[in-house]
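With TSV, N, CA and C atoms inside, this is work_32.tsv:
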chain	number	residue	atom	x	y	z
A	2	MET	N	-36.08	-113.91	43.87
A	2	MET	CA	-36.08	-113.39	45.23
A	2	MET	C	-35.48	-114.41	46.19
A	3	GLY	N	-35.73	-115.70	45.93
A	3	GLY	CA	-35.19	-116.75	46.78
A	3	GLY	C	-33.68	-116.81	46.72
A	4	ALA	N	-33.11	-116.54	45.54
A	4	ALA	CA	-31.65	-116.54	45.39
A	4	ALA	C	-31.04	-115.41	46.20
A	5	MET	N	-31.73	-114.27	46.23
A	5	MET	CA	-31.23	-113.13	47.00
A	5	MET	C	-31.23	-113.46	48.49
A	6	ARG	N	-32.28	-114.09	48.97
A	6	ARG	CA	-32.34	-114.49	50.38
A	6	ARG	C	-31.22	-115.47	50.71
A	7	GLU	N	-30.96	-116.39	49.78
A	7	GLU	CA	-29.90	-117.38	50.00
A	7	GLU	C	-28.54	-116.70	50.13
A	8	GLU	N	-28.27	-115.73	49.26
A	8	GLU	CA	-26.99	-115.02	49.32
A	8	GLU	C	-26.88	-114.18	50.59
A	9	ILE	N	-27.96	-113.54	51.00
A	9	ILE	CA	-27.94	-112.76	52.25
A	9	ILE	C	-27.73	-113.70	53.43
A	10	GLY	N	-28.38	-114.85	53.40
A	10	GLY	CA	-28.18	-115.85	54.45
A	10	GLY	C	-26.74	-116.32	54.50
A	11	ARG	N	-26.13	-116.49	53.35
A	11	ARG	CA	-24.73	-116.92	53.29
A	11	ARG	C	-23.82	-115.87	53.90
A	12	LEU	N	-24.14	-114.62	53.70
A	12	LEU	CA	-23.33	-113.54	54.26
A	12	LEU	C	-23.49	-113.41	55.77
A	13	THR	N	-24.68	-113.68	56.27
A	13	THR	CA	-24.94	-113.47	57.70
A	13	THR	C	-24.66	-114.69	58.55
A	14	THR	N	-24.38	-115.83	57.94
A	14	THR	CA	-24.05	-117.04	58.68
A	14	THR	C	-22.55	-117.17	58.77
A	15	VAL	N	-22.01	-117.29	59.96
A	15	VAL	CA	-20.57	-117.39	60.13
A	15	VAL	C	-20.19	-118.86	60.30
A	16	GLY	N	-19.41	-119.33	59.34
A	16	GLY	CA	-18.94	-120.72	59.37
A	16	GLY	C	-17.49	-120.78	58.96
A	17	GLU	N	-17.00	-121.99	58.73
A	17	GLU	CA	-15.60	-122.18	58.35
A	17	GLU	C	-15.28	-121.47	57.03
A	18	HIS	N	-16.19	-121.52	56.11
A	18	HIS	CA	-15.99	-120.85	54.81
A	18	HIS	C	-15.78	-119.35	55.01
A	19	HIS	N	-16.55	-118.76	55.91
A	19	HIS	CA	-16.41	-117.33	56.21
A	19	HIS	C	-15.08	-117.04	56.87
A	20	ARG	N	-14.68	-117.91	57.79
A	20	ARG	CA	-13.41	-117.70	58.49
A	20	ARG	C	-12.23	-117.77	57.51
A	21	ARG	N	-12.30	-118.69	56.55
A	21	ARG	CA	-11.23	-118.79	55.56
A	21	ARG	C	-11.16	-117.52	54.71
A	22	LEU	N	-12.30	-117.02	54.28
A	22	LEU	CA	-12.32	-115.79	53.49
A	22	LEU	C	-11.77	-114.63	54.30
A	23	ALA	N	-12.22	-114.50	55.55
A	23	ALA	CA	-11.75	-113.41	56.40
A	23	ALA	C	-10.25	-113.52	56.64
A	24	ALA	N	-9.74	-114.74	56.82
A	24	ALA	CA	-8.31	-114.94	57.04
A	24	ALA	C	-7.51	-114.54	55.80
A	25	ARG	N	-8.01	-114.91	54.63
A	25	ARG	CA	-7.33	-114.54	53.38
A	25	ARG	C	-7.29	-113.02	53.20
A	26	LEU	N	-8.42	-112.39	53.44
A	26	LEU	CA	-8.47	-110.94	53.28
A	26	LEU	C	-7.61	-110.22	54.32
A	27	ALA	N	-7.58	-110.75	55.55
A	27	ALA	CA	-6.72	-110.17	56.59
A	27	ALA	C	-5.25	-110.30	56.22
A	28	LEU	N	-4.88	-111.44	55.65
A	28	LEU	CA	-3.50	-111.64	55.21
A	28	LEU	C	-3.14	-110.66	54.10
A	29	VAL	N	-4.04	-110.45	53.16
A	29	VAL	CA	-3.79	-109.52	52.06
A	29	VAL	C	-3.64	-108.10	52.59
A	30	VAL	N	-4.50	-107.69	53.50
A	30	VAL	CA	-4.42	-106.34	54.06
A	30	VAL	C	-3.12	-106.17	54.84
A	31	SER	N	-2.77	-107.15	55.65
A	31	SER	CA	-1.53	-107.08	56.44
A	31	SER	C	-0.31	-107.01	55.54
A	32	ALA	N	-0.25	-107.87	54.53
A	32	ALA	CA	0.88	-107.86	53.61
A	32	ALA	C	0.97	-106.54	52.86
A	33	THR	N	-0.17	-105.99	52.49
A	33	THR	CA	-0.18	-104.72	51.77
A	33	THR	C	0.30	-103.58	52.66
A	34	LEU	N	-0.03	-103.61	53.94
A	34	LEU	CA	0.48	-102.59	54.85
A	34	LEU	C	2.01	-102.67	54.96
A	35	VAL	N	2.53	-103.88	55.02
A	35	VAL	CA	3.99	-104.06	55.08
A	35	VAL	C	4.63	-103.56	53.79
A	36	VAL	N	4.06	-103.91	52.65
A	36	VAL	CA	4.57	-103.45	51.36
A	36	VAL	C	4.51	-101.93	51.29
A	37	ASP	N	3.44	-101.33	51.77
A	37	ASP	CA	3.28	-99.88	51.74
A	37	ASP	C	4.39	-99.19	52.51
A	38	VAL	N	4.62	-99.63	53.74
A	38	VAL	CA	5.65	-98.99	54.57
A	38	VAL	C	7.05	-99.24	53.99
A	39	ALA	N	7.33	-100.46	53.57
A	39	ALA	CA	8.64	-100.77	52.98
A	39	ALA	C	8.88	-99.94	51.72
A	40	ALA	N	7.87	-99.82	50.88
A	40	ALA	CA	8.01	-99.03	49.66
A	40	ALA	C	8.17	-97.55	49.99
A	41	ALA	N	7.48	-97.08	51.01
A	41	ALA	CA	7.62	-95.67	51.42
A	41	ALA	C	9.05	-95.39	51.88
A	42	ILE	N	9.62	-96.30	52.64
A	42	ILE	CA	11.01	-96.14	53.08
A	42	ILE	C	11.93	-96.11	51.87
A	43	ALA	N	11.72	-97.05	50.94
A	43	ALA	CA	12.56	-97.11	49.74
A	43	ALA	C	12.42	-95.84	48.90
A	44	VAL	N	11.19	-95.40	48.66
A	44	VAL	CA	10.97	-94.20	47.85
A	44	VAL	C	11.60	-92.98	48.53
A	45	TYR	N	11.43	-92.87	49.83
A	45	TYR	CA	12.02	-91.74	50.55
A	45	TYR	C	13.54	-91.74	50.40
A	46	LEU	N	14.17	-92.88	50.64
A	46	LEU	CA	15.63	-92.95	50.56
A	46	LEU	C	16.14	-92.73	49.14
A	47	LEU	N	15.39	-93.19	48.16
A	47	LEU	CA	15.83	-93.06	46.76
A	47	LEU	C	15.55	-91.69	46.17
A	48	GLU	N	14.47	-91.04	46.60
A	48	GLU	CA	14.02	-89.81	45.95
A	48	GLU	C	14.35	-88.52	46.70
A	49	ARG	N	14.62	-88.59	47.97
A	49	ARG	CA	14.73	-87.37	48.78
A	49	ARG	C	15.78	-86.39	48.29
A	50	ASN	N	16.85	-86.87	47.65
A	50	ASN	CA	17.91	-85.98	47.19
A	50	ASN	C	17.88	-85.74	45.68
A	51	ALA	N	16.90	-86.29	44.99
A	51	ALA	CA	16.82	-86.11	43.53
A	51	ALA	C	16.37	-84.68	43.22
A	52	ALA	N	17.01	-84.10	42.23
A	52	ALA	CA	16.67	-82.72	41.84
A	52	ALA	C	15.24	-82.67	41.31
A	53	GLY	N	14.43	-81.77	41.85
A	53	GLY	CA	13.06	-81.57	41.39
A	53	GLY	C	12.05	-82.52	42.00
A	54	THR	N	12.46	-83.33	42.96
A	54	THR	CA	11.52	-84.28	43.57
A	54	THR	C	10.52	-83.59	44.48
A	55	GLN	N	9.37	-84.18	44.61
A	55	GLN	CA	8.38	-83.71	45.58
A	55	GLN	C	8.38	-84.59	46.83
A	56	VAL	N	9.17	-85.64	46.82
A	56	VAL	CA	9.27	-86.53	47.98
A	56	VAL	C	10.42	-86.02	48.85
A	57	THR	N	10.08	-85.11	49.76
A	57	THR	CA	11.09	-84.49	50.60
A	57	THR	C	11.03	-84.95	52.04
A	58	THR	N	9.95	-85.63	52.42
A	58	THR	CA	9.82	-86.16	53.78
A	58	THR	C	9.28	-87.59	53.71
A	59	PHE	N	9.44	-88.32	54.80
A	59	PHE	CA	8.90	-89.68	54.83
A	59	PHE	C	7.38	-89.65	54.72
A	60	GLY	N	6.74	-88.65	55.30
A	60	GLY	CA	5.28	-88.53	55.22
A	60	GLY	C	4.81	-88.40	53.78
A	61	ARG	N	5.52	-87.61	53.00
A	61	ARG	CA	5.16	-87.47	51.58
A	61	ARG	C	5.39	-88.77	50.83
A	62	ALA	N	6.46	-89.49	51.19
A	62	ALA	CA	6.72	-90.78	50.55
A	62	ALA	C	5.62	-91.78	50.90
A	63	LEU	N	5.20	-91.80	52.16
A	63	LEU	CA	4.13	-92.70	52.58
A	63	LEU	C	2.81	-92.33	51.89
A	64	PHE	N	2.55	-91.05	51.77
A	64	PHE	CA	1.35	-90.60	51.05
A	64	PHE	C	1.40	-91.09	49.60
A	65	PHE	N	2.55	-90.90	48.96
A	65	PHE	CA	2.71	-91.30	47.56
A	65	PHE	C	2.48	-92.81	47.41
A	66	THR	N	3.12	-93.63	48.23
A	66	THR	CA	3.00	-95.08	48.07
A	66	THR	C	1.58	-95.56	48.38
A	67	THR	N	0.96	-94.98	49.39
A	67	THR	CA	-0.40	-95.38	49.74
A	67	THR	C	-1.37	-95.04	48.61
A	68	VAL	N	-1.25	-93.85	48.06
A	68	VAL	CA	-2.13	-93.45	46.96
A	68	VAL	C	-1.86	-94.32	45.74
A	69	GLN	N	-0.61	-94.65	45.48
A	69	GLN	CA	-0.29	-95.52	44.34
A	69	GLN	C	-0.96	-96.88	44.51
A	70	LEU	N	-0.96	-97.41	45.72
A	70	LEU	CA	-1.59	-98.71	45.96
A	70	LEU	C	-3.11	-98.64	45.82
A	71	LEU	N	-3.68	-97.52	46.18
A	71	LEU	CA	-5.13	-97.40	46.17
A	71	LEU	C	-5.70	-96.95	44.83
A	72	THR	N	-4.97	-96.09	44.11
A	72	THR	CA	-5.56	-95.51	42.90
A	72	THR	C	-4.65	-95.51	41.69
A	73	VAL	N	-3.39	-95.83	41.84
A	73	VAL	CA	-2.39	-95.75	40.78
A	73	VAL	C	-2.33	-94.32	40.22
A	74	SER	N	-2.45	-93.37	41.09
A	74	SER	CA	-2.38	-91.96	40.73
A	74	SER	C	-2.06	-91.18	41.99
A	75	SER	N	-1.40	-90.06	41.85
A	75	SER	CA	-1.04	-89.28	43.02
A	75	SER	C	-0.89	-87.81	42.64
A	76	GLN	N	-1.05	-86.95	43.65
A	76	GLN	CA	-0.80	-85.52	43.45
A	76	GLN	C	0.70	-85.28	43.36
A	77	ILE	N	1.48	-86.19	43.94
A	77	ILE	CA	2.93	-86.07	43.90
A	77	ILE	C	3.42	-86.64	42.57
A	78	LYS	N	4.37	-85.95	41.95
A	78	LYS	CA	4.91	-86.41	40.68
A	78	LYS	C	5.53	-87.79	40.84
A	79	ASN	N	5.54	-88.55	39.77
A	79	ASN	CA	6.16	-89.87	39.77
A	79	ASN	C	7.64	-89.76	40.15
A	80	PRO	N	8.21	-90.84	40.65
A	80	PRO	CA	9.63	-90.82	41.03
A	80	PRO	C	10.51	-90.41	39.86
A	81	LEU	N	11.63	-89.79	40.18
A	81	LEU	CA	12.55	-89.31	39.16
A	81	LEU	C	13.71	-90.27	38.94
A	82	THR	N	14.07	-91.04	39.96
A	82	THR	CA	15.19	-91.96	39.81
A	82	THR	C	14.71	-93.27	39.20
A	83	VAL	N	15.62	-93.99	38.57
A	83	VAL	CA	15.27	-95.28	37.98
A	83	VAL	C	14.82	-96.26	39.06
A	84	ALA	N	15.55	-96.29	40.17
A	84	ALA	CA	15.18	-97.20	41.27
A	84	ALA	C	13.81	-96.83	41.85
A	85	GLY	N	13.54	-95.54	41.98
A	85	GLY	CA	12.24	-95.09	42.47
A	85	GLY	C	11.12	-95.49	41.52
A	86	ARG	N	11.39	-95.42	40.24
A	86	ARG	CA	10.38	-95.84	39.25
A	86	ARG	C	10.13	-97.34	39.32
A	87	LEU	N	11.18	-98.11	39.60
A	87	LEU	CA	11.00	-99.56	39.75
A	87	LEU	C	10.13	-99.87	40.97
A	88	VAL	N	10.33	-99.13	42.06
A	88	VAL	CA	9.48	-99.31	43.24
A	88	VAL	C	8.03	-98.96	42.88
A	89	ASP	N	7.84	-97.88	42.16
A	89	ASP	CA	6.50	-97.46	41.73
A	89	ASP	C	5.86	-98.54	40.85
A	90	LEU	N	6.62	-99.10	39.95
A	90	LEU	CA	6.11	-100.17	39.08
A	90	LEU	C	5.72	-101.39	39.91
A	91	PHE	N	6.54	-101.74	40.90
A	91	PHE	CA	6.22	-102.85	41.79
A	91	PHE	C	4.91	-102.57	42.54
A	92	LEU	N	4.72	-101.35	43.02
A	92	LEU	CA	3.48	-101.00	43.73
A	92	LEU	C	2.26	-101.17	42.83
A	93	GLU	N	2.37	-100.76	41.60
A	93	GLU	CA	1.24	-100.89	40.68
A	93	GLU	C	0.95	-102.37	40.39
A	94	PHE	N	2.01	-103.15	40.22
A	94	PHE	CA	1.86	-104.59	40.00
A	94	PHE	C	1.21	-105.25	41.22
A	95	TRP	N	1.68	-104.88	42.41
A	95	TRP	CA	1.12	-105.42	43.66
A	95	TRP	C	-0.37	-105.09	43.76
A	96	ALA	N	-0.72	-103.85	43.47
A	96	ALA	CA	-2.12	-103.42	43.58
A	96	ALA	C	-3.02	-104.25	42.65
A	97	VAL	N	-2.56	-104.50	41.44
A	97	VAL	CA	-3.36	-105.29	40.50
A	97	VAL	C	-3.50	-106.72	41.02
A	98	LEU	N	-2.41	-107.30	41.51
A	98	LEU	CA	-2.47	-108.67	42.05
A	98	LEU	C	-3.41	-108.76	43.25
A	99	VAL	N	-3.34	-107.79	44.13
A	99	VAL	CA	-4.19	-107.80	45.33
A	99	VAL	C	-5.66	-107.68	44.95
A	100	VAL	N	-5.97	-106.77	44.06
A	100	VAL	CA	-7.37	-106.60	43.64
A	100	VAL	C	-7.87	-107.87	42.96
A	101	ALA	N	-7.08	-108.41	42.05
A	101	ALA	CA	-7.50	-109.62	41.33
A	101	ALA	C	-7.63	-110.80	42.29
A	102	GLY	N	-6.66	-110.96	43.18
A	102	GLY	CA	-6.71	-112.07	44.14
A	102	GLY	C	-7.86	-111.95	45.11
A	103	SER	N	-8.10	-110.76	45.58
A	103	SER	CA	-9.21	-110.55	46.51
A	103	SER	C	-10.55	-110.76	45.82
A	104	ALA	N	-10.67	-110.27	44.60
A	104	ALA	CA	-11.90	-110.48	43.85
A	104	ALA	C	-12.13	-111.97	43.60
A	105	GLY	N	-11.06	-112.69	43.31
A	105	GLY	CA	-11.16	-114.14	43.11
A	105	GLY	C	-11.60	-114.86	44.37
A	106	ALA	N	-11.04	-114.46	45.52
A	106	ALA	CA	-11.41	-115.10	46.79
A	106	ALA	C	-12.88	-114.83	47.11
A	107	ILE	N	-13.33	-113.62	46.86
A	107	ILE	CA	-14.73	-113.28	47.13
A	107	ILE	C	-15.65	-114.02	46.16
A	108	ALA	N	-15.26	-114.07	44.89
A	108	ALA	CA	-16.07	-114.80	43.91
A	108	ALA	C	-16.14	-116.28	44.25
A	109	SER	N	-15.02	-116.83	44.69
A	109	SER	CA	-15.00	-118.24	45.09
A	109	SER	C	-15.92	-118.49	46.27
A	110	PHE	N	-15.97	-117.55	47.19
A	110	PHE	CA	-16.85	-117.64	48.35
A	110	PHE	C	-18.31	-117.78	47.90
A	111	PHE	N	-18.71	-116.99	46.92
A	111	PHE	CA	-20.09	-117.03	46.45
A	111	PHE	C	-20.37	-118.19	45.51
A	112	GLN	N	-19.33	-118.69	44.82
A	112	GLN	CA	-19.53	-119.80	43.89
A	112	GLN	C	-19.78	-121.12	44.58
A	113	THR	N	-19.14	-121.35	45.69
A	113	THR	CA	-19.33	-122.62	46.37
A	113	THR	C	-20.71	-122.66	46.98
A	114	GLY	N	-21.33	-123.79	46.91
A	114	GLY	CA	-22.68	-123.91	47.46
A	114	GLY	C	-22.69	-124.10	48.96
A	115	ASP	N	-21.48	-124.19	49.55
A	115	ASP	CA	-21.38	-124.45	50.99
A	115	ASP	C	-21.46	-123.15	51.76
A	116	SER	N	-22.42	-122.99	52.62
A	116	SER	CA	-22.53	-121.76	53.43
A	116	SER	C	-22.02	-121.98	54.84
A	117	SER	N	-21.33	-123.10	55.07
A	117	SER	CA	-20.81	-123.36	56.43
A	117	SER	C	-19.43	-122.79	56.59
Spit out the file's structure as structure tokens when you get a sec.
Amino acid sequence: MGAMREEIGRLTTVGEHHRRLAARLALVVSATLVVDVAAAIAVYLLERNAAGTQVTTFGRALFFTTVQLLTVSSQIKNPLTVAGRLVDLFLEFWAVLVVAGSAGAIASFFQTGDSS
């Protein structure tokens, strides 16, 4: 029970360690938003004229890229062009890196005994 109180105390105390974690997570979220929009533009430009594509508007491209980043699955069919598939592969790789990196930063936060 004492360990639980210590961890709750660590979460509710704002110190330099907390600011570093928040800064890292804010950077990851900001970079991911930039990647999302850039990938949506790329997917839209690459897929909009492909025969049989479901990416016919920028909104659909943004939906596709956002869902790929969040779940690696979408209601929209995968890209049909080779370049579109490469963008999709990059998004999946990015999502794995972000999840792993964020999990590592959070784990590191709890591993250090410093709550300042």
Segment 79-94 of chain A surroundings by all atoms listed in the file, 7 Å radius, close-in-sequence under 6 positions cut, as a VMD selection string: chain A and resid 40 43 to 44 47 to 48 51 54 69 to 70 73
- request: Have a look at atom N of Thr72 of chain A and atom C of Trp95 of chain A and let me know their distance in Å, one decimal.
  value: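 For atom N of Thr72 of chain A relative to atom C of Trp95 of chain A, the distance reads 10.1 Å.
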task: Can you list, as a ChimeraX atom specification, all residues belonging to chain A that DSSP tags as helix (DSSP H, G or I)?
output: /A:3-13,17-48,59-72,83-112
field: Selected residue, from A:Ala108, A:Leu26, A:His18, A:Ile42, that lies nearest to Ala62 of chain A when counting only N, CA and C atoms
entry: A:Ile42
- prompt: Which of these, A:Phe111, A:Ala101, A:Gly60, A:Leu71, has the shortest distance to Glu7 of chain A once you count only C-alpha atoms?
  reply: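 Nearest to Glu7 of chain A: A:Phe111.
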query: Pick from A:Ala104, A:Ile9, A:Ala96, A:Arg61: nearest to Leu46 of chain A, with only C-alpha atoms counted?
result: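 That would be A:Arg61, the residue with the smallest distance to Leu46 of chain A.
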Do you know which residues are at most 7 Å from Leu63 of chain A counting all atoms listed in the file, after dropping those on the same chain fewer than 5 positions away, and could you put them as a tab-separated table (two decimals) with N, CA and C atoms, in the frame of the given file?
chain	number	residue	atom	x	y	z
A	37	ASP	N	3.44	-101.33	51.77
A	37	ASP	CA	3.28	-99.88	51.74
A	37	ASP	C	4.39	-99.19	52.51
A	38	VAL	N	4.62	-99.63	53.74
A	38	VAL	CA	5.65	-98.99	54.57
A	38	VAL	C	7.05	-99.24	53.99
A	40	ALA	N	7.87	-99.82	50.88
A	40	ALA	CA	8.01	-99.03	49.66
A	40	ALA	C	8.17	-97.55	49.99
A	41	ALA	N	7.48	-97.08	51.01
A	41	ALA	CA	7.62	-95.67	51.42
A	41	ALA	C	9.05	-95.39	51.88
A	42	ILE	N	9.62	-96.30	52.64
A	42	ILE	CA	11.01	-96.14	53.08
A	42	ILE	C	11.93	-96.11	51.87
A	45	TYR	N	11.43	-92.87	49.83
A	45	TYR	CA	12.02	-91.74	50.55
A	45	TYR	C	13.54	-91.74	50.40
A	58	THR	N	9.95	-85.63	52.42
A	58	THR	CA	9.82	-86.16	53.78
A	58	THR	C	9.28	-87.59	53.71
A	68	VAL	N	-1.25	-93.85	48.06
A	68	VAL	CA	-2.13	-93.45	46.96
A	68	VAL	C	-1.86	-94.32	45.74
task: Tell me, in Å to one decimal, how far atom CA of Met5 of chain A is from atom CA of Phe110 of chain A.
output: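 Distance between the two atoms: 15.1 Å.
Atom to atom, atom CA of Thr66 of chain A and atom CA of Leu22 of chain A stand 26.3 Å apart.
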- request: Could you check which of A:Thr33, A:Ala52, A:Arg25, A:Phe65 is closest to Val97 of chain A, using only C-alpha atoms?
  value: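 Of A:Thr33, A:Ala52, A:Arg25, A:Phe65, the one nearest Val97 of chain A, counting only C-alpha atoms, is A:Thr33.
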Completion step: segment 24-34 of chain A with all heavy atoms as a PDB file, keeping the file's coordinate frame:
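Result went into part_22.pdb, see below:
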ATOM      1  N   ALA A  24      -9.740-114.740  56.820  1.00  0.00           N
ATOM      2  CA  ALA A  24      -8.310-114.940  57.040  1.00  0.00           C
ATOM      3  C   ALA A  24      -7.510-114.540  55.800  1.00  0.00           C
ATOM      4  O   ALA A  24      -6.467-113.888  55.899  1.00  0.00           O
ATOM      5  CB  ALA A  24      -8.029-116.382  57.415  1.00  0.00           C
ATOM      6  N   ARG A  25      -8.010-114.910  54.630  1.00  0.00           N
ATOM      7  CA  ARG A  25      -7.330-114.540  53.380  1.00  0.00           C
ATOM      8  C   ARG A  25      -7.290-113.020  53.200  1.00  0.00           C
ATOM      9  O   ARG A  25      -6.266-112.443  52.857  1.00  0.00           O
ATOM     10  CB  ARG A  25      -8.017-115.169  52.186  1.00  0.00           C
ATOM     11  CG  ARG A  25      -7.792-116.643  52.071  1.00  0.00           C
ATOM     12  CD  ARG A  25      -8.533-117.219  50.895  1.00  0.00           C
ATOM     13  NE  ARG A  25      -8.431-118.664  50.906  1.00  0.00           N
ATOM     14  CZ  ARG A  25      -9.322-119.484  50.406  1.00  0.00           C
ATOM     15  NH1 ARG A  25     -10.411-118.998  49.823  1.00  0.00           N
ATOM     16  NH2 ARG A  25      -9.146-120.781  50.443  1.00  0.00           N
ATOM     17  N   LEU A  26      -8.420-112.390  53.440  1.00  0.00           N
ATOM     18  CA  LEU A  26      -8.470-110.940  53.280  1.00  0.00           C
ATOM     19  C   LEU A  26      -7.610-110.220  54.320  1.00  0.00           C
ATOM     20  O   LEU A  26      -6.962-109.226  54.021  1.00  0.00           O
ATOM     21  CB  LEU A  26      -9.916-110.449  53.322  1.00  0.00           C
ATOM     22  CG  LEU A  26     -10.790-110.930  52.156  1.00  0.00           C
ATOM     23  CD1 LEU A  26     -12.225-110.434  52.326  1.00  0.00           C
ATOM     24  CD2 LEU A  26     -10.227-110.510  50.818  1.00  0.00           C
ATOM     25  N   ALA A  27      -7.580-110.750  55.550  1.00  0.00           N
ATOM     26  CA  ALA A  27      -6.720-110.170  56.590  1.00  0.00           C
ATOM     27  C   ALA A  27      -5.250-110.300  56.220  1.00  0.00           C
ATOM     28  O   ALA A  27      -4.458-109.377  56.426  1.00  0.00           O
ATOM     29  CB  ALA A  27      -7.003-110.826  57.935  1.00  0.00           C
ATOM     30  N   LEU A  28      -4.880-111.440  55.650  1.00  0.00           N
ATOM     31  CA  LEU A  28      -3.500-111.640  55.210  1.00  0.00           C
ATOM     32  C   LEU A  28      -3.140-110.660  54.100  1.00  0.00           C
ATOM     33  O   LEU A  28      -2.062-110.047  54.122  1.00  0.00           O
ATOM     34  CB  LEU A  28      -3.313-113.079  54.718  1.00  0.00           C
ATOM     35  CG  LEU A  28      -1.943-113.405  54.148  1.00  0.00           C
ATOM     36  CD1 LEU A  28      -0.874-113.268  55.229  1.00  0.00           C
ATOM     37  CD2 LEU A  28      -1.940-114.807  53.566  1.00  0.00           C
ATOM     38  N   VAL A  29      -4.040-110.450  53.160  1.00  0.00           N
ATOM     39  CA  VAL A  29      -3.790-109.520  52.060  1.00  0.00           C
ATOM     40  C   VAL A  29      -3.640-108.100  52.590  1.00  0.00           C
ATOM     41  O   VAL A  29      -2.718-107.372  52.192  1.00  0.00           O
ATOM     42  CB  VAL A  29      -4.927-109.598  51.018  1.00  0.00           C
ATOM     43  CG1 VAL A  29      -4.904-108.418  50.068  1.00  0.00           C
ATOM     44  CG2 VAL A  29      -4.841-110.900  50.255  1.00  0.00           C
ATOM     45  N   VAL A  30      -4.500-107.690  53.500  1.00  0.00           N
ATOM     46  CA  VAL A  30      -4.420-106.340  54.060  1.00  0.00           C
ATOM     47  C   VAL A  30      -3.120-106.170  54.840  1.00  0.00           C
ATOM     48  O   VAL A  30      -2.425-105.159  54.692  1.00  0.00           O
ATOM     49  CB  VAL A  30      -5.655-106.029  54.943  1.00  0.00           C
ATOM     50  CG1 VAL A  30      -5.447-104.758  55.740  1.00  0.00           C
ATOM     51  CG2 VAL A  30      -6.903-105.915  54.078  1.00  0.00           C
ATOM     52  N   SER A  31      -2.770-107.150  55.650  1.00  0.00           N
ATOM     53  CA  SER A  31      -1.530-107.080  56.440  1.00  0.00           C
ATOM     54  C   SER A  31      -0.310-107.010  55.540  1.00  0.00           C
ATOM     55  O   SER A  31       0.592-106.181  55.749  1.00  0.00           O
ATOM     56  CB  SER A  31      -1.411-108.294  57.361  1.00  0.00           C
ATOM     57  OG  SER A  31      -2.487-108.347  58.246  1.00  0.00           O
ATOM     58  N   ALA A  32      -0.250-107.870  54.530  1.00  0.00           N
ATOM     59  CA  ALA A  32       0.880-107.860  53.610  1.00  0.00           C
ATOM     60  C   ALA A  32       0.970-106.540  52.860  1.00  0.00           C
ATOM     61  O   ALA A  32       2.064-106.005  52.648  1.00  0.00           O
ATOM     62  CB  ALA A  32       0.770-109.029  52.635  1.00  0.00           C
ATOM     63  N   THR A  33      -0.170-105.990  52.490  1.00  0.00           N
ATOM     64  CA  THR A  33      -0.180-104.720  51.770  1.00  0.00           C
ATOM     65  C   THR A  33       0.300-103.580  52.660  1.00  0.00           C
ATOM     66  O   THR A  33       1.014-102.681  52.187  1.00  0.00           O
ATOM     67  CB  THR A  33      -1.591-104.429  51.210  1.00  0.00           C
ATOM     68  OG1 THR A  33      -1.931-105.487  50.303  1.00  0.00           O
ATOM     69  CG2 THR A  33      -1.640-103.102  50.480  1.00  0.00           C
ATOM     70  N   LEU A  34      -0.030-103.610  53.940  1.00  0.00           N
ATOM     71  CA  LEU A  34       0.480-102.590  54.850  1.00  0.00           C
ATOM     72  C   LEU A  34       2.010-102.670  54.960  1.00  0.00           C
ATOM     73  O   LEU A  34       2.696-101.641  54.965  1.00  0.00           O
ATOM     74  CB  LEU A  34      -0.162-102.726  56.231  1.00  0.00           C
ATOM     75  CG  LEU A  34      -1.632-102.320  56.318  1.00  0.00           C
ATOM     76  CD1 LEU A  34      -2.200-102.657  57.693  1.00  0.00           C
ATOM     77  CD2 LEU A  34      -1.797-100.845  56.015  1.00  0.00           C
TER      78      LEU A  34
END
